[in-house]
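Data block for run-v4.txt (compact mmCIF, C-alpha atoms and all ligand atoms):
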```
# COMPACT_ATOMS: atom_id res chain seq x y z
CA MET A 95 60.40 92.30 -43.67
CA LEU A 96 59.11 88.83 -44.48
CA THR A 97 59.54 87.26 -47.88
CA GLU A 98 55.93 87.61 -49.01
CA GLU A 99 55.84 91.33 -48.36
CA LEU A 100 59.19 91.79 -50.08
CA GLN A 101 57.94 89.84 -53.09
CA ALA A 102 54.87 92.06 -53.36
CA ILE A 103 56.87 95.31 -53.24
CA THR A 104 59.45 93.98 -55.69
CA HIS A 105 56.79 92.91 -58.19
CA GLN A 106 55.05 96.26 -57.91
CA TYR A 107 58.09 98.55 -58.21
CA VAL A 108 60.90 96.66 -59.92
CA MET A 109 61.02 96.05 -63.67
CA ASN A 110 60.23 92.49 -64.41
CA THR A 111 63.56 91.20 -65.80
CA TYR A 112 64.35 88.44 -63.28
CA ASP A 113 62.70 85.16 -62.41
CA ARG A 114 63.63 85.04 -58.72
CA LEU A 115 63.53 82.08 -56.37
CA PRO A 116 60.96 82.53 -53.56
CA LEU A 117 63.64 83.37 -51.05
CA SER A 118 64.86 86.65 -49.58
CA ILE A 119 68.43 86.69 -48.36
CA VAL A 120 69.30 88.81 -45.36
CA ARG A 121 72.89 87.92 -44.55
CA GLY A 122 75.66 85.47 -45.25
CA GLN A 123 78.57 83.82 -43.51
CA GLY A 124 81.16 81.54 -45.11
CA SER A 125 79.34 79.49 -47.75
CA LYS A 126 75.94 79.95 -46.14
CA VAL A 127 73.21 82.52 -46.57
CA TYR A 128 70.29 83.17 -44.21
CA ASP A 129 66.76 84.08 -45.25
CA ALA A 130 64.31 86.56 -43.72
CA GLU A 131 62.90 83.77 -41.57
CA GLY A 132 66.37 82.95 -40.19
CA ARG A 133 66.89 79.67 -42.06
CA ALA A 134 70.39 78.76 -43.32
CA TYR A 135 71.11 77.63 -46.88
CA LEU A 136 74.29 76.17 -48.36
CA ASP A 137 74.96 78.46 -51.30
CA CYS A 138 76.43 76.59 -54.28
CA VAL A 139 75.78 79.53 -56.63
CA GLY A 140 77.68 82.16 -54.65
CA GLY A 141 76.13 85.27 -56.21
CA ILE A 142 76.65 83.65 -59.66
CA ALA A 143 80.39 83.02 -59.24
CA VAL A 144 80.83 86.43 -57.59
CA ASN A 145 81.25 85.61 -53.89
CA ALA A 146 84.56 83.81 -54.47
CA LEU A 147 85.53 84.24 -50.83
CA GLY A 148 82.03 83.48 -49.63
CA TYR A 149 80.28 85.85 -47.25
CA GLY A 150 81.85 88.02 -44.59
CA HIS A 151 85.48 87.03 -45.17
CA PRO A 152 87.15 88.94 -42.30
CA ASP A 153 90.18 90.23 -44.28
CA LEU A 154 88.03 91.36 -47.19
CA VAL A 155 85.52 93.05 -44.87
CA ALA A 156 88.32 94.80 -42.95
CA SER A 157 89.99 96.24 -46.05
CA ILE A 158 86.67 97.41 -47.50
CA GLU A 159 85.74 99.04 -44.15
CA ARG A 160 89.09 100.81 -44.00
CA GLN A 161 88.75 102.10 -47.56
CA VAL A 162 85.16 103.28 -47.03
CA ARG A 163 86.37 105.51 -44.20
CA GLN A 164 89.33 106.77 -46.19
CA LEU A 165 87.91 107.35 -49.68
CA ILE A 166 84.96 105.71 -51.44
CA HIS A 167 85.21 107.53 -54.73
CA THR A 168 87.02 110.31 -56.48
CA SER A 169 87.20 110.03 -60.29
CA ASN A 170 89.60 109.20 -63.05
CA LEU A 171 90.67 112.84 -63.08
CA PHE A 172 93.12 111.82 -60.33
CA TYR A 173 95.52 109.04 -59.38
CA THR A 174 94.64 106.63 -56.59
CA GLU A 175 96.78 103.96 -54.98
CA PRO A 176 94.28 101.04 -55.10
CA HIS A 177 93.77 101.62 -58.85
CA ALA A 178 97.50 101.60 -59.64
CA LYS A 179 98.26 98.66 -57.36
CA LEU A 180 95.45 96.50 -58.69
CA ALA A 181 96.50 97.13 -62.29
CA ARG A 182 100.10 96.21 -61.41
CA GLU A 183 99.02 93.05 -59.59
CA LEU A 184 96.77 91.87 -62.44
CA ALA A 185 99.53 92.52 -64.97
CA GLU A 186 102.10 90.67 -62.86
CA GLN A 187 99.82 87.67 -62.40
CA SER A 188 98.83 87.35 -66.06
CA PHE A 189 100.07 87.58 -69.67
CA ALA A 190 98.85 91.18 -69.78
CA ASP A 191 100.77 94.45 -69.48
CA LYS A 192 97.94 96.92 -69.10
CA VAL A 193 94.45 97.10 -67.62
CA PHE A 194 91.29 99.17 -68.11
CA PHE A 195 88.77 99.05 -65.25
CA ALA A 196 85.01 98.92 -65.69
CA ASN A 197 82.11 98.18 -63.33
CA SER A 198 80.75 94.91 -64.66
CA GLY A 199 81.44 92.01 -66.95
CA ALA A 200 79.48 93.45 -69.83
CA GLU A 201 81.39 96.72 -69.53
CA ALA A 202 84.70 94.87 -69.51
CA ASN A 203 83.63 93.14 -72.71
CA GLU A 204 82.53 96.46 -74.23
CA ALA A 205 86.06 97.71 -73.55
CA ALA A 206 87.54 94.57 -75.14
CA ILE A 207 85.35 94.92 -78.24
CA LYS A 208 86.20 98.61 -78.61
CA LEU A 209 89.89 97.92 -78.06
CA ALA A 210 89.96 95.14 -80.66
CA ARG A 211 88.15 97.29 -83.22
CA LYS A 212 90.41 100.27 -82.54
CA TYR A 213 93.57 98.17 -82.78
CA SER A 214 92.43 96.64 -86.03
CA HIS A 215 91.40 100.04 -87.39
CA ASP A 216 94.77 101.56 -86.48
CA HIS A 217 96.77 98.69 -88.01
CA PHE A 218 94.68 97.44 -90.91
CA GLY A 219 92.21 100.21 -91.79
CA PRO A 220 88.42 100.43 -91.51
CA ASN A 221 87.47 97.23 -93.39
CA ARG A 222 88.70 94.79 -90.80
CA SER A 223 86.33 95.05 -87.88
CA GLU A 224 84.49 91.75 -87.69
CA ILE A 225 84.51 89.74 -84.46
CA LEU A 226 83.81 86.02 -84.46
CA THR A 227 82.15 84.66 -81.34
CA MET A 228 80.77 81.27 -80.33
CA GLU A 229 77.32 79.73 -80.49
CA ASN A 230 75.89 79.44 -76.95
CA SER A 231 78.40 81.95 -75.62
CA PHE A 232 77.45 84.62 -73.12
CA HIS A 233 79.12 88.02 -73.05
CA GLY A 234 76.60 90.35 -71.41
CA ARG A 235 73.39 92.34 -71.88
CA THR A 236 74.46 95.68 -73.34
CA LEU A 237 73.80 96.08 -77.06
CA ALA A 238 77.30 95.18 -78.22
CA THR A 239 77.72 92.33 -75.74
CA LEU A 240 74.29 90.82 -76.37
CA THR A 241 75.20 90.95 -80.04
CA ALA A 242 78.47 89.17 -79.23
CA THR A 243 76.45 86.60 -77.27
CA GLY A 244 75.68 83.65 -79.54
CA GLN A 245 72.14 83.04 -78.24
CA THR A 246 69.13 84.41 -80.11
CA LYS A 247 66.99 84.35 -76.94
CA VAL A 248 69.19 87.14 -75.51
CA GLN A 249 68.93 89.20 -78.72
CA HIS A 250 65.27 88.77 -79.63
CA GLY A 251 63.36 92.07 -79.76
CA PHE A 252 66.43 94.28 -79.49
CA GLU A 253 67.20 94.49 -83.18
CA PRO A 254 68.85 96.23 -84.95
CA LEU A 255 71.89 94.59 -83.39
CA VAL A 256 75.42 95.99 -83.57
CA PRO A 257 76.96 95.17 -86.96
CA GLY A 258 80.18 93.19 -87.28
CA PHE A 259 79.60 89.98 -85.32
CA ARG A 260 79.34 86.42 -86.59
CA TYR A 261 78.91 83.14 -84.72
CA VAL A 262 80.60 79.78 -85.10
CA PRO A 263 80.08 76.47 -83.28
CA TYR A 264 82.18 76.13 -80.13
CA ASN A 265 85.16 73.79 -80.02
CA ASP A 266 85.01 73.30 -83.82
CA LEU A 267 88.23 74.36 -85.52
CA GLN A 268 87.08 73.67 -89.07
CA ALA A 269 84.01 75.86 -88.67
CA LEU A 270 86.17 78.62 -87.25
CA GLU A 271 88.73 78.42 -90.06
CA ALA A 272 85.96 78.46 -92.63
CA ASN A 273 84.61 81.72 -91.17
CA VAL A 274 87.85 83.68 -90.85
CA THR A 275 88.12 86.23 -93.63
CA GLU A 276 90.20 89.33 -94.44
CA HIS A 277 87.58 91.25 -92.42
CA THR A 278 88.19 89.32 -89.19
CA ALA A 279 89.64 91.53 -86.45
CA ALA A 280 89.21 89.24 -83.45
CA ILE A 281 87.98 85.92 -82.14
CA MET A 282 86.23 86.16 -78.78
CA LEU A 283 85.49 83.17 -76.59
CA GLU A 284 85.09 81.77 -73.10
CA PRO A 285 87.60 78.98 -72.36
CA ILE A 286 84.66 77.25 -70.67
CA LEU A 287 81.11 78.20 -71.64
CA GLY A 288 79.54 79.24 -68.34
CA GLU A 289 75.98 80.38 -68.99
CA GLY A 290 76.08 78.16 -72.10
CA GLY A 291 76.03 74.97 -70.01
CA VAL A 292 79.55 74.45 -68.58
CA VAL A 293 81.19 73.24 -71.80
CA VAL A 294 84.98 72.94 -71.60
CA ALA A 295 86.97 73.73 -74.76
CA SER A 296 89.66 71.18 -75.62
CA ALA A 297 93.29 72.24 -75.17
CA ASP A 298 94.04 71.22 -78.77
CA TYR A 299 91.26 73.45 -80.02
CA LEU A 300 92.40 76.47 -78.01
CA LYS A 301 96.00 75.98 -79.13
CA ALA A 302 94.89 75.79 -82.75
CA VAL A 303 92.79 78.93 -82.31
CA ARG A 304 95.83 80.70 -80.87
CA ASN A 305 97.96 79.58 -83.84
CA LEU A 306 95.31 80.67 -86.31
CA CYS A 307 95.09 84.10 -84.67
CA THR A 308 98.86 84.53 -84.65
CA ALA A 309 99.23 83.42 -88.27
CA ARG A 310 96.47 85.75 -89.50
CA ASN A 311 97.17 88.71 -87.19
CA ILE A 312 93.81 88.30 -85.50
CA LEU A 313 93.33 89.24 -81.85
CA LEU A 314 92.32 86.50 -79.44
CA ILE A 315 89.96 87.71 -76.71
CA PHE A 316 89.25 85.47 -73.73
CA ASP A 317 86.16 86.29 -71.73
CA GLU A 318 87.23 85.01 -68.30
CA ILE A 319 84.51 86.86 -66.43
CA GLN A 320 83.21 83.57 -65.08
CA THR A 321 86.32 81.34 -65.39
CA GLY A 322 88.79 83.86 -63.94
CA MET A 323 89.80 84.61 -60.34
CA GLY A 324 90.51 81.04 -59.34
CA ARG A 325 87.16 79.63 -60.38
CA THR A 326 88.66 76.77 -62.44
CA GLY A 327 91.55 75.96 -60.08
CA THR A 328 94.17 78.35 -61.50
CA LEU A 329 93.95 82.12 -61.20
CA PHE A 330 92.90 82.31 -64.86
CA ALA A 331 91.60 79.40 -66.93
CA TYR A 332 93.90 80.13 -69.90
CA GLN A 333 96.83 79.08 -67.69
CA GLN A 334 95.61 75.47 -67.91
CA PHE A 335 95.59 75.37 -71.69
CA GLY A 336 99.20 76.35 -72.40
CA ILE A 337 98.35 79.46 -74.41
CA GLN A 338 97.79 83.17 -73.90
CA PRO A 339 95.14 85.48 -75.32
CA ASP A 340 95.84 89.06 -76.44
CA ILE A 341 92.94 90.49 -74.46
CA MET A 342 91.18 89.07 -71.40
CA THR A 343 88.15 90.29 -69.51
CA LEU A 344 87.36 89.80 -65.83
CA GLY A 345 84.35 90.52 -63.66
CA LYS A 346 82.19 88.46 -61.31
CA GLY A 347 84.60 87.16 -58.62
CA LEU A 348 87.14 89.96 -59.18
CA GLY A 349 85.75 92.21 -56.42
CA GLY A 350 84.44 89.42 -54.18
CA GLY A 351 81.00 91.06 -54.37
CA ILE A 352 81.92 94.70 -54.95
CA PRO A 353 81.09 95.51 -58.60
CA ILE A 354 84.18 95.74 -60.81
CA GLY A 355 85.19 94.56 -64.26
CA ALA A 356 88.53 94.67 -66.04
CA CYS A 357 89.85 94.46 -69.56
CA LEU A 358 93.48 93.32 -69.74
CA ALA A 359 95.74 93.38 -72.78
CA THR A 360 99.29 93.16 -74.00
CA ASP A 361 101.16 96.43 -74.45
CA THR A 362 100.97 96.30 -78.24
CA VAL A 363 97.20 95.95 -78.20
CA ALA A 364 96.60 98.33 -75.27
CA LYS A 365 98.33 101.14 -77.21
CA ALA A 366 95.22 101.44 -79.36
CA PHE A 367 93.45 103.11 -76.42
CA THR A 368 94.69 106.69 -76.20
CA TYR A 369 93.43 109.70 -74.21
CA GLY A 370 89.70 110.11 -74.60
CA THR A 371 89.04 106.88 -76.52
CA HIS A 372 87.37 105.13 -73.60
CA GLY A 373 86.32 105.93 -70.06
CA SER A 374 84.01 105.38 -67.12
CA THR A 375 82.93 107.54 -64.19
CA PHE A 376 83.07 104.76 -61.64
CA GLY A 377 85.53 102.44 -63.39
CA GLY A 378 88.42 101.47 -61.12
CA ASN A 379 87.20 103.47 -58.16
CA PRO A 380 89.24 103.12 -54.96
CA LEU A 381 86.66 101.04 -53.09
CA ALA A 382 86.23 98.49 -55.89
CA CYS A 383 89.99 98.28 -56.51
CA THR A 384 90.72 97.82 -52.80
CA ALA A 385 88.27 94.91 -52.69
CA ALA A 386 89.74 93.28 -55.80
CA LEU A 387 93.30 93.73 -54.56
CA GLN A 388 92.38 92.04 -51.29
CA VAL A 389 90.62 89.17 -53.11
CA LEU A 390 93.80 88.61 -55.15
CA ARG A 391 96.00 88.68 -52.06
CA ILE A 392 93.82 86.19 -50.22
CA LEU A 393 93.75 83.84 -53.21
CA LEU A 394 97.47 84.07 -53.90
CA GLU A 395 99.09 84.42 -50.50
CA GLY A 396 97.14 81.74 -48.68
CA GLU A 397 96.39 78.17 -49.70
CA GLU A 398 92.96 79.20 -50.94
CA LEU A 399 93.56 78.69 -54.65
CA LYS A 400 95.21 75.30 -54.18
CA ARG A 401 92.53 74.15 -51.78
CA SER A 402 89.78 75.26 -54.14
CA GLN A 403 91.37 73.15 -56.87
CA GLU A 404 91.31 70.10 -54.60
CA ARG A 405 87.72 70.76 -53.62
CA GLY A 406 86.81 71.17 -57.28
CA ASN A 407 88.32 67.77 -58.04
CA TYR A 408 86.49 66.29 -55.07
CA LEU A 409 83.17 67.70 -56.31
CA HIS A 410 83.86 66.50 -59.86
CA LYS A 411 84.59 62.95 -58.64
CA GLY A 412 81.48 62.98 -56.47
CA LEU A 413 79.36 64.03 -59.43
CA LEU A 414 80.93 61.35 -61.65
CA ALA A 415 80.05 58.75 -59.01
CA MET A 416 76.46 59.99 -59.07
CA GLN A 417 76.38 59.61 -62.83
CA GLU A 418 76.92 55.84 -62.38
CA ARG A 419 73.77 55.69 -60.27
CA PHE A 420 71.43 58.00 -62.13
CA PRO A 421 70.81 57.50 -65.85
CA ILE A 422 69.25 60.99 -66.12
CA ILE A 423 72.78 62.39 -65.74
CA LYS A 424 74.07 62.53 -69.29
CA GLU A 425 77.44 64.14 -68.64
CA VAL A 426 79.54 65.68 -65.86
CA ARG A 427 81.73 68.59 -66.99
CA GLY A 428 83.89 71.33 -65.55
CA ARG A 429 87.16 72.44 -64.03
CA GLY A 430 87.82 73.48 -60.46
CA LEU A 431 84.72 74.90 -58.83
CA LEU A 432 82.90 75.48 -62.10
CA GLN A 433 81.08 72.18 -62.48
CA GLY A 434 77.99 71.16 -64.37
CA ILE A 435 75.88 68.10 -64.95
CA GLU A 436 73.87 67.77 -68.10
CA LEU A 437 70.53 66.08 -67.50
CA THR A 438 68.20 64.33 -69.88
CA VAL A 439 65.36 66.18 -68.11
CA ASP A 440 64.41 69.73 -67.10
CA GLY A 441 66.68 71.00 -64.30
CA LYS A 442 64.37 73.55 -62.68
CA PRO A 443 62.37 71.08 -60.54
CA ILE A 444 65.65 69.72 -59.20
CA VAL A 445 66.81 73.22 -58.27
CA MET A 446 63.50 73.68 -56.39
CA ASP A 447 63.82 70.32 -54.62
CA CYS A 448 67.36 71.21 -53.50
CA LEU A 449 66.14 74.61 -52.30
CA ALA A 450 63.48 72.89 -50.20
CA ARG A 451 66.37 70.96 -48.63
CA ARG A 452 68.25 74.24 -48.03
CA VAL A 453 70.85 73.86 -50.76
CA ILE A 454 71.02 76.52 -53.48
CA ILE A 455 72.09 75.34 -56.92
CA ASN A 456 71.56 76.77 -60.39
CA CYS A 457 70.44 75.54 -63.79
CA THR A 458 71.58 76.88 -67.16
CA MET A 459 70.35 76.11 -70.68
CA GLY A 460 67.26 74.49 -69.10
CA HIS A 461 68.89 71.14 -68.35
CA VAL A 462 72.42 71.72 -67.03
CA LEU A 463 72.78 71.93 -63.25
CA ARG A 464 75.63 74.31 -62.47
CA PHE A 465 77.72 74.42 -59.31
CA ILE A 466 79.74 77.61 -58.73
CA PRO A 467 80.07 77.79 -54.94
CA PRO A 468 82.38 80.11 -53.04
CA LEU A 469 86.00 78.95 -53.47
CA ILE A 470 86.20 78.61 -49.70
CA ILE A 471 83.52 75.89 -49.57
CA THR A 472 84.65 73.03 -47.32
CA GLN A 473 84.79 69.35 -48.16
CA ALA A 474 82.07 68.71 -45.56
CA GLU A 475 79.85 71.25 -47.33
CA ILE A 476 80.50 69.58 -50.69
CA ASP A 477 79.37 66.33 -49.03
CA VAL A 478 76.13 68.07 -48.02
CA LEU A 479 75.62 69.13 -51.64
CA LEU A 480 76.32 65.61 -52.94
CA THR A 481 74.04 63.84 -50.44
CA THR A 482 71.25 66.38 -51.02
CA LEU A 483 71.51 65.94 -54.76
CA THR A 484 71.58 62.15 -54.41
CA ASP A 485 68.49 62.31 -52.23
CA VAL A 486 66.66 64.58 -54.68
CA LEU A 487 67.59 62.48 -57.72
CA SER A 488 66.66 59.17 -56.07
CA LYS A 489 63.17 60.49 -55.36
CA ARG A 490 62.84 61.28 -59.09
CA GLN A 491 63.90 57.88 -60.42
C1 LIG B 1 78.33 87.02 -66.25
C2 LIG B 1 79.10 87.06 -67.50
C3 LIG B 1 79.16 88.23 -68.28
C4 LIG B 1 78.38 89.48 -67.94
O1 LIG B 1 78.76 90.05 -66.75
P1 LIG B 1 77.82 91.19 -66.06
O2 LIG B 1 78.60 91.62 -64.86
O3 LIG B 1 76.52 90.52 -65.74
O4 LIG B 1 77.64 92.25 -67.06
C5 LIG B 1 79.94 88.20 -69.42
N1 LIG B 1 80.63 87.10 -69.77
C6 LIG B 1 80.59 85.96 -69.05
C7 LIG B 1 81.39 84.79 -69.47
C8 LIG B 1 79.82 85.90 -67.90
O5 LIG B 1 79.75 84.76 -67.21
```

What's the structure tokens form of this structure?
Amino acid sequence: MLTEELQAITHQYVMNTYDRLPLSIVRGQGSKVYDAEGRAYLDCVGGIAVNALGYGHPDLVASIERQVRQLIHTSNLFYTEPHAKLARELAEQSFADKVFFANSGAEANEAAIKLARKYSHDHFGPNRSEILTMENSFHGRTLATLTATGQTKVQHGFEPLVPGFRYVPYNDLQALEANVTEHTAAIMLEPILGEGGVVVASADYLKAVRNLCTARNILLIFDEIQTGMGRTGTLFAYQQFGIQPDIMTLGKGLGGGIPIGACLATDTVAKAFTYGTHGSTFGGNPLACTAALQVLRILLEGEELKRSQERGNYLHKGLLAMQERFPIIKEVRGRGLLQGIELTVDGKPIVMDCLARRVIINCTMGHVLRFIPPLIITQAEIDVLLTTLTDVLSKRQ
């Protein structure tokens, strides 16, 4: 089916929640996707930080194929090996002791919010349920997670919102301290704002937040749905800041494209979830867990994680060099393969110009170009991105 026909059917039958690019993707290989007309595009968005291993990674495909034949789904009424093994692997690779599996980022955050409230309720009674989150954060689109999200544009029209959330400016310790009260149960934040424009928190700030939480018995929740799974050069971003959260959520790249989310916590905190307090029909199903386990193995056993860190640095340096040339680049920010450039102008036309040159990039907050390619992107492909961007920006000077 050609793109125009597909567009017509989609607009007629699909609810109108997405502003799609005029491109229909048929297949992918490595860091490239191919459209209905057979044209190749370098994909520097990677399914929005989901396709961490790119497209068609042979080991990932093989393990998914094997699991599809063996068992796609049963339910959480039974034990399955992929579920148990993935939980063990995530616990061994992180600060956490226990895991709850969900099907998306928002669901992982729902679990984290419920867990934090339950823990606080169990330990401190019913009047300590407030969660502080950050301005310009993004935590999802369900009612609780859009309430946690510190952006009114995500919340508008869906009131009444879930009670018990308050927002503070990001990377601002004083503002945070001023807002902590005897009702504060948890502080929830992304170590790098992803949807909020690729803003990196300072290590000093995160350490101070950790100390504040410890001193006041407040839970620290890291939303690593975008920053986790090697995206920033280490398996989890918190590992670069010398601190540990009490709860962490994962999603996006976790399943390499198969939907899965996870909420991880220390033993003490995880104890608040007892039989019947939370659940999910699909959560942690054998197919999703097999995919995630294979993604972890590929990242950890090969050189993939290390190489992605090097490529991230290479991209960052390339973008910094561009900043020297183009005054419309206000700032270059990011870690690993989560990079952004803040522009003094609207980013959308630049995304469209890159698309016309067969390079897919993304824009957040209206004026921040974001680069979240597959972690397997090659240096030569990063060069294609950089020269394309240079070309596009020079034509706009
Ligand atoms: C994408 C994202 C979410 C939401 O994940 P979904 O799978 O879309 O529900 C939550 N938090 C962060 C930081 C994200 O980047």

Which distance in Å separates atom CA of A:Leu237 and atom CA of A:Glu436, to one decimal?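 Separation between atom CA of A:Leu237 and atom CA of A:Glu436: 29.7 Å.
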
Just to confirm, what's the straight-line distance from atom CA of A:Leu487 to atom CA of A:Ala474 in Å (one decimal)? 19.9 Å

Of the candidates A:Ala280, A:Cys448, A:Leu184, A:Ala385, which one gets nearest to A:Leu344 if we count all atoms listed in the file?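 The answer is A:Leu184, which sits nearest to A:Leu344.
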
Grab me every residue within 8 Å of ligand LIG 1 (chain B), counting only C-alpha atoms and all ligand atoms, and send it over as a list in words. Ile142, Asn197, Ser198, Gly199, Ala200, Glu201, Ala202, Asn203, Ser231, Phe232, His233, Gly234, Arg235, Thr236, Thr239, Glu284, Leu287, Gly288, Glu289, Asp317, Glu318, Ile319, Gln320, Thr321, Gly345, Lys346, Pro353 and Gly355 of chain A

Using all atoms listed in the file, which residues sit within 6 Å of A:Ile315 once same-chain residues fewer than 3 positions away are excluded, as a PDB file with C-alpha atoms, keeping the file's coordinate frame?
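And here's around34.pdb as it stands now:
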```pdb
ATOM      1  CA  MET A 282      86.230  86.160 -78.780  1.00  0.00           C
ATOM      2  CA  PRO A 339      95.140  85.480 -75.320  1.00  0.00           C
ATOM      3  CA  ILE A 341      92.940  90.490 -74.460  1.00  0.00           C
ATOM      4  CA  MET A 342      91.180  89.070 -71.400  1.00  0.00           C
TER       5      MET A 342
END
```
